[in-house]
Amino acid sequence: MKSSLVGQAVILAALALLPAAGEAIYFRDKISWRSAIAPSEMVTVEQARGWGDTTIWIDARPEDEFASDHVPGAISLNEDRWNELLPQFLAAWAPGKKIVVYCSSLSCNASREVAHRLRKEAQLSDVFVLEGGWEAWLKKNK
């Protein structure tokens with residue numbers, strides 16, 4: 001009797017996992033942490049630096065990483081403290097400014113999310129994600 005209960009539990013667990021496995025296979029090219037960014041919304045370190053004073057740098061990393069080091073003049077704006085930090089950013093923003101959002105590295109999704117929210121919720125254009133993130137900035141500024 002005990003072995004039949006274990007067998008039934010295994011069968012139920014397998015059946016419960018089938019929909020998840022199906023979704024994983026069907027959506028394998030649409031994984032959120034690797035969400036596609038249009039090439040027109042990406043910018044390299046060289047391009048962003050070329051914009052000079054028309055650029056506002058947004059650091060989407062956690063507060064402790066921002067406090068440790070960041071792009072000179074960058075403003076911290078992350079998802080964890082979005083409502084608290086957004087007014088500080090909006091006070092620095094002006095029409096015609098280009099916004100460059102970065103996080104830790106190419107695989108980090110925070111910059112994509114913050115850039116998306118700036119476009120959708122704050123209705124801002126000229127919002128770009130820094131290709132390679134903070135790691136790329138460090139490589140170009142050593």
# chains A, B, ... in the order shown; residues from 1 in each chain; ligands from 1
$ residues_around --residues "Arg81 of chain A" --least-positions-apart "3" --cutoff "12 Å" --atoms "only C-alpha atoms" --output "ChimeraX atom specification"
/A:60-63,76-78,84-88,114
$ write_last_selection --atoms "N, CA and C atoms" --output "short mmCIF file (atom, residue, chain, number, x, y, z; two decimals), in the first residue's frame"
data_model
loop_
_atom_site.label_atom_id
_atom_site.label_comp_id
_atom_site.auth_asym_id
_atom_site.auth_seq_id
_atom_site.Cartn_x
_atom_site.Cartn_y
_atom_site.Cartn_z
N ALA A 60 20.87 51.66 -12.54
CA ALA A 60 19.74 50.82 -12.13
C ALA A 60 20.16 49.72 -11.15
N ARG A 61 21.41 49.77 -10.71
CA ARG A 61 21.90 48.75 -9.78
C ARG A 61 21.37 49.02 -8.36
N PRO A 62 21.49 48.04 -7.47
CA PRO A 62 21.08 48.26 -6.08
C PRO A 62 21.88 49.40 -5.43
N GLU A 63 21.31 49.98 -4.39
CA GLU A 63 21.91 51.13 -3.71
C GLU A 63 23.35 50.91 -3.26
N SER A 76 20.88 57.47 -9.20
CA SER A 76 20.40 56.13 -8.86
C SER A 76 18.89 56.08 -9.09
N LEU A 77 18.44 55.09 -9.86
CA LEU A 77 17.02 54.85 -10.09
C LEU A 77 16.86 53.36 -10.33
N ASN A 78 16.39 52.67 -9.31
CA ASN A 78 16.21 51.23 -9.46
C ASN A 78 14.78 50.84 -9.15
N GLU A 84 10.33 56.37 -4.87
CA GLU A 84 11.11 57.30 -4.05
C GLU A 84 12.15 58.05 -4.89
N LEU A 85 12.78 57.35 -5.85
CA LEU A 85 13.89 57.93 -6.61
C LEU A 85 13.46 58.63 -7.90
N LEU A 86 12.29 58.29 -8.43
CA LEU A 86 11.85 58.89 -9.70
C LEU A 86 11.78 60.42 -9.64
N PRO A 87 11.26 61.04 -8.59
CA PRO A 87 11.22 62.51 -8.56
C PRO A 87 12.62 63.15 -8.66
N GLN A 88 13.61 62.54 -8.04
CA GLN A 88 14.99 63.05 -8.12
C GLN A 88 15.47 63.02 -9.58
N VAL A 114 14.17 49.30 -16.05
CA VAL A 114 14.10 50.74 -15.73
C VAL A 114 13.88 51.55 -17.01
#
$ residues_around --residues "Val129 of chain A" --least-positions-apart "6" --cutoff "8 Å" --atoms "only C-alpha atoms" --output "PyMOL selection string"
chain A and resi 41-43+100-102+111-112+115
$ atom_distance --atom1 "atom CA of Val45 of chain A" --atom2 "atom CA of Gly73 of chain A"
14.9 Å
$ atom_distance --atom1 "atom CA of Arg119 of chain A" --atom2 "atom CA of Thr44 of chain A"
19.2 Å
$ atom_distance --atom1 "atom CA of Asp69 of chain A" --atom2 "atom CA of Leu138 of chain A"
10.3 Å
$ residues_around --residues "Gln47 of chain A" --least-positions-apart "6" --cutoff "12 Å" --atoms "only C-alpha atoms" --output "list in words"
Thr54, Thr55, Lys98, Val100, Phe128, Val129, Leu130, Glu131, Trp137 and Lys140 of chain A
$ select_by_dssp --residues "chain A" --states "strand (DSSP E)" --output "list in words"
Met42, Val43, Thr55, Ile56, Trp57, Ile58, Asp59, Ile75, Ser76, Lys98, Ile99, Val100, Val101, Tyr102, Val127, Phe128, Val129 and Leu130 of chain A
$ write_last_selection --atoms "C-alpha atoms" --output "PDB file, in the first residue's frame"
ATOM      1  CA  MET A  42      21.093  50.250 -27.225  1.00  0.00           C
ATOM      2  CA  VAL A  43      24.109  52.525 -26.940  1.00  0.00           C
ATOM      3  CA  THR A  55      23.297  62.743 -21.378  1.00  0.00           C
ATOM      4  CA  ILE A  56      21.726  61.771 -18.078  1.00  0.00           C
ATOM      5  CA  TRP A  57      23.237  58.570 -16.686  1.00  0.00           C
ATOM      6  CA  ILE A  58      20.876  56.329 -14.714  1.00  0.00           C
ATOM      7  CA  ASP A  59      22.308  53.613 -12.488  1.00  0.00           C
ATOM      8  CA  ILE A  75      21.519  59.231 -10.716  1.00  0.00           C
ATOM      9  CA  SER A  76      20.395  56.131  -8.860  1.00  0.00           C
ATOM     10  CA  LYS A  98      19.320  61.527 -23.726  1.00  0.00           C
ATOM     11  CA  ILE A  99      18.899  58.992 -20.917  1.00  0.00           C
ATOM     12  CA  VAL A 100      21.424  56.141 -20.634  1.00  0.00           C
ATOM     13  CA  VAL A 101      20.464  53.391 -18.195  1.00  0.00           C
ATOM     14  CA  TYR A 102      22.985  50.832 -17.019  1.00  0.00           C
ATOM     15  CA  VAL A 127      15.970  56.294 -23.370  1.00  0.00           C
ATOM     16  CA  PHE A 128      18.852  53.932 -24.067  1.00  0.00           C
ATOM     17  CA  VAL A 129      20.375  50.876 -22.406  1.00  0.00           C
ATOM     18  CA  LEU A 130      24.160  50.846 -22.087  1.00  0.00           C
TER      19      LEU A 130
END
$ decode --residues "segment 100-142 of chain A" --atoms "N, CA and C atoms" --output "mmCIF file, in the first residue's frame"
data_model
loop_
_atom_site.group_PDB
_atom_site.id
_atom_site.type_symbol
_atom_site.label_atom_id
_atom_site.label_comp_id
_atom_site.auth_asym_id
_atom_site.auth_seq_id
_atom_site.Cartn_x
_atom_site.Cartn_y
_atom_site.Cartn_z
ATOM 1 N N VAL A 100 20.685 57.394 -20.480
ATOM 2 C CA VAL A 100 21.424 56.141 -20.634
ATOM 3 C C VAL A 100 21.319 55.381 -19.317
ATOM 4 N N VAL A 101 20.678 54.213 -19.377
ATOM 5 C CA VAL A 101 20.464 53.391 -18.195
ATOM 6 C C VAL A 101 21.444 52.230 -18.225
ATOM 7 N N TYR A 102 22.071 51.971 -17.086
ATOM 8 C CA TYR A 102 22.985 50.832 -17.019
ATOM 9 C C TYR A 102 22.783 50.072 -15.717
ATOM 10 N N CYS A 103 23.183 48.806 -15.754
ATOM 11 C CA CYS A 103 23.252 47.998 -14.539
ATOM 12 C C CYS A 103 24.596 47.284 -14.558
ATOM 13 N N SER A 104 24.722 46.179 -13.887
ATOM 14 C CA SER A 104 26.039 45.574 -13.681
ATOM 15 C C SER A 104 26.746 45.097 -14.940
ATOM 16 N N SER A 105 26.032 44.365 -15.787
ATOM 17 C CA SER A 105 26.688 43.747 -16.934
ATOM 18 C C SER A 105 25.685 43.526 -18.055
ATOM 19 N N LEU A 106 26.143 42.889 -19.105
ATOM 20 C CA LEU A 106 25.286 42.590 -20.250
ATOM 21 C C LEU A 106 24.121 41.696 -19.847
ATOM 22 N N SER A 107 24.341 40.777 -18.916
ATOM 23 C CA SER A 107 23.296 39.829 -18.530
ATOM 24 C C SER A 107 22.315 40.399 -17.507
ATOM 25 N N CYS A 108 22.602 41.563 -16.976
ATOM 26 C CA CYS A 108 21.727 42.183 -15.977
ATOM 27 C C CYS A 108 20.464 42.713 -16.664
ATOM 28 N N ASN A 109 19.322 42.473 -16.060
ATOM 29 C CA ASN A 109 18.058 42.889 -16.647
ATOM 30 C C ASN A 109 17.524 44.191 -16.062
ATOM 31 N N ALA A 110 18.112 44.685 -14.982
ATOM 32 C CA ALA A 110 17.591 45.876 -14.302
ATOM 33 C C ALA A 110 17.552 47.092 -15.227
ATOM 34 N N SER A 111 18.578 47.263 -16.050
ATOM 35 C CA SER A 111 18.594 48.429 -16.940
ATOM 36 C C SER A 111 17.473 48.347 -17.969
ATOM 37 N N ARG A 112 17.189 47.168 -18.445
ATOM 38 C CA ARG A 112 16.095 46.992 -19.408
ATOM 39 C C ARG A 112 14.768 47.367 -18.774
ATOM 40 N N GLU A 113 14.562 46.908 -17.540
ATOM 41 C CA GLU A 113 13.307 47.177 -16.844
ATOM 42 C C GLU A 113 13.134 48.666 -16.537
ATOM 43 N N VAL A 114 14.175 49.305 -16.049
ATOM 44 C CA VAL A 114 14.101 50.739 -15.729
ATOM 45 C C VAL A 114 13.883 51.547 -17.010
ATOM 46 N N ALA A 115 14.593 51.206 -18.074
ATOM 47 C CA ALA A 115 14.420 51.907 -19.350
ATOM 48 C C ALA A 115 12.987 51.735 -19.858
ATOM 49 N N HIS A 116 12.461 50.532 -19.741
ATOM 50 C CA HIS A 116 11.089 50.261 -20.172
ATOM 51 C C HIS A 116 10.096 51.123 -19.379
ATOM 52 N N ARG A 117 10.290 51.190 -18.076
ATOM 53 C CA ARG A 117 9.384 51.981 -17.234
ATOM 54 C C ARG A 117 9.500 53.474 -17.537
ATOM 55 N N LEU A 118 10.696 53.951 -17.822
ATOM 56 C CA LEU A 118 10.853 55.365 -18.179
ATOM 57 C C LEU A 118 10.119 55.677 -19.476
ATOM 58 N N ARG A 119 10.177 54.747 -20.428
ATOM 59 C CA ARG A 119 9.475 54.958 -21.702
ATOM 60 C C ARG A 119 7.968 54.895 -21.515
ATOM 61 N N LYS A 120 7.503 53.884 -20.792
ATOM 62 C CA LYS A 120 6.058 53.636 -20.675
ATOM 63 C C LYS A 120 5.395 54.509 -19.609
ATOM 64 N N GLU A 121 5.922 54.490 -18.390
ATOM 65 C CA GLU A 121 5.264 55.191 -17.284
ATOM 66 C C GLU A 121 5.567 56.685 -17.261
ATOM 67 N N ALA A 122 6.808 57.053 -17.527
ATOM 68 C CA ALA A 122 7.169 58.472 -17.515
ATOM 69 C C ALA A 122 7.002 59.106 -18.900
ATOM 70 N N GLN A 123 6.672 58.284 -19.894
ATOM 71 C CA GLN A 123 6.429 58.769 -21.265
ATOM 72 C C GLN A 123 7.623 59.532 -21.840
ATOM 73 N N LEU A 124 8.840 59.029 -21.582
ATOM 74 C CA LEU A 124 10.050 59.676 -22.078
ATOM 75 C C LEU A 124 10.580 58.947 -23.301
ATOM 76 N N SER A 125 11.119 59.715 -24.215
ATOM 77 C CA SER A 125 11.781 59.117 -25.372
ATOM 78 C C SER A 125 13.285 59.311 -25.167
ATOM 79 N N ASP A 126 14.061 58.904 -26.125
ATOM 80 C CA ASP A 126 15.522 59.014 -26.015
ATOM 81 C C ASP A 126 16.046 58.320 -24.759
ATOM 82 N N VAL A 127 15.514 57.119 -24.487
ATOM 83 C CA VAL A 127 15.970 56.294 -23.370
ATOM 84 C C VAL A 127 16.742 55.127 -23.964
ATOM 85 N N PHE A 128 17.976 54.961 -23.524
ATOM 86 C CA PHE A 128 18.852 53.932 -24.067
ATOM 87 C C PHE A 128 19.402 53.044 -22.964
ATOM 88 N N VAL A 129 19.730 51.813 -23.323
ATOM 89 C CA VAL A 129 20.375 50.876 -22.406
ATOM 90 C C VAL A 129 21.841 50.780 -22.804
ATOM 91 N N LEU A 130 22.726 50.912 -21.830
ATOM 92 C CA LEU A 130 24.160 50.846 -22.087
ATOM 93 C C LEU A 130 24.573 49.404 -22.364
ATOM 94 N N GLU A 131 25.115 49.196 -23.529
ATOM 95 C CA GLU A 131 25.581 47.873 -23.940
ATOM 96 C C GLU A 131 26.743 47.440 -23.042
ATOM 97 N N GLY A 132 26.576 46.335 -22.336
ATOM 98 C CA GLY A 132 27.632 45.842 -21.458
ATOM 99 C C GLY A 132 27.574 46.380 -20.047
ATOM 100 N N GLY A 133 26.750 47.386 -19.801
ATOM 101 C CA GLY A 133 26.540 47.915 -18.458
ATOM 102 C C GLY A 133 27.775 48.488 -17.793
ATOM 103 N N TRP A 134 27.779 48.430 -16.477
ATOM 104 C CA TRP A 134 28.861 48.975 -15.659
ATOM 105 C C TRP A 134 30.197 48.355 -16.026
ATOM 106 N N GLU A 135 30.195 47.050 -16.320
ATOM 107 C CA GLU A 135 31.443 46.377 -16.701
ATOM 108 C C GLU A 135 32.054 47.023 -17.945
ATOM 109 N N ALA A 136 31.218 47.353 -18.925
ATOM 110 C CA ALA A 136 31.718 47.998 -20.149
ATOM 111 C C ALA A 136 32.267 49.389 -19.829
ATOM 112 N N TRP A 137 31.591 50.121 -18.949
ATOM 113 C CA TRP A 137 32.073 51.451 -18.553
ATOM 114 C C TRP A 137 33.458 51.347 -17.924
ATOM 115 N N LEU A 138 33.618 50.388 -17.026
ATOM 116 C CA LEU A 138 34.912 50.213 -16.349
ATOM 117 C C LEU A 138 36.023 49.875 -17.335
ATOM 118 N N LYS A 139 35.731 49.017 -18.296
ATOM 119 C CA LYS A 139 36.749 48.629 -19.288
ATOM 120 C C LYS A 139 37.196 49.824 -20.109
ATOM 121 N N LYS A 140 36.279 50.718 -20.424
ATOM 122 C CA LYS A 140 36.595 51.874 -21.270
ATOM 123 C C LYS A 140 37.207 53.031 -20.484
ATOM 124 N N ASN A 141 37.159 52.960 -19.152
ATOM 125 C CA ASN A 141 37.614 54.078 -18.329
ATOM 126 C C ASN A 141 38.690 53.703 -17.340
ATOM 127 N N LYS A 142 39.494 52.721 -17.679
ATOM 128 C CA LYS A 142 40.610 52.323 -16.805
ATOM 129 C C LYS A 142 41.840 53.133 -17.110
#
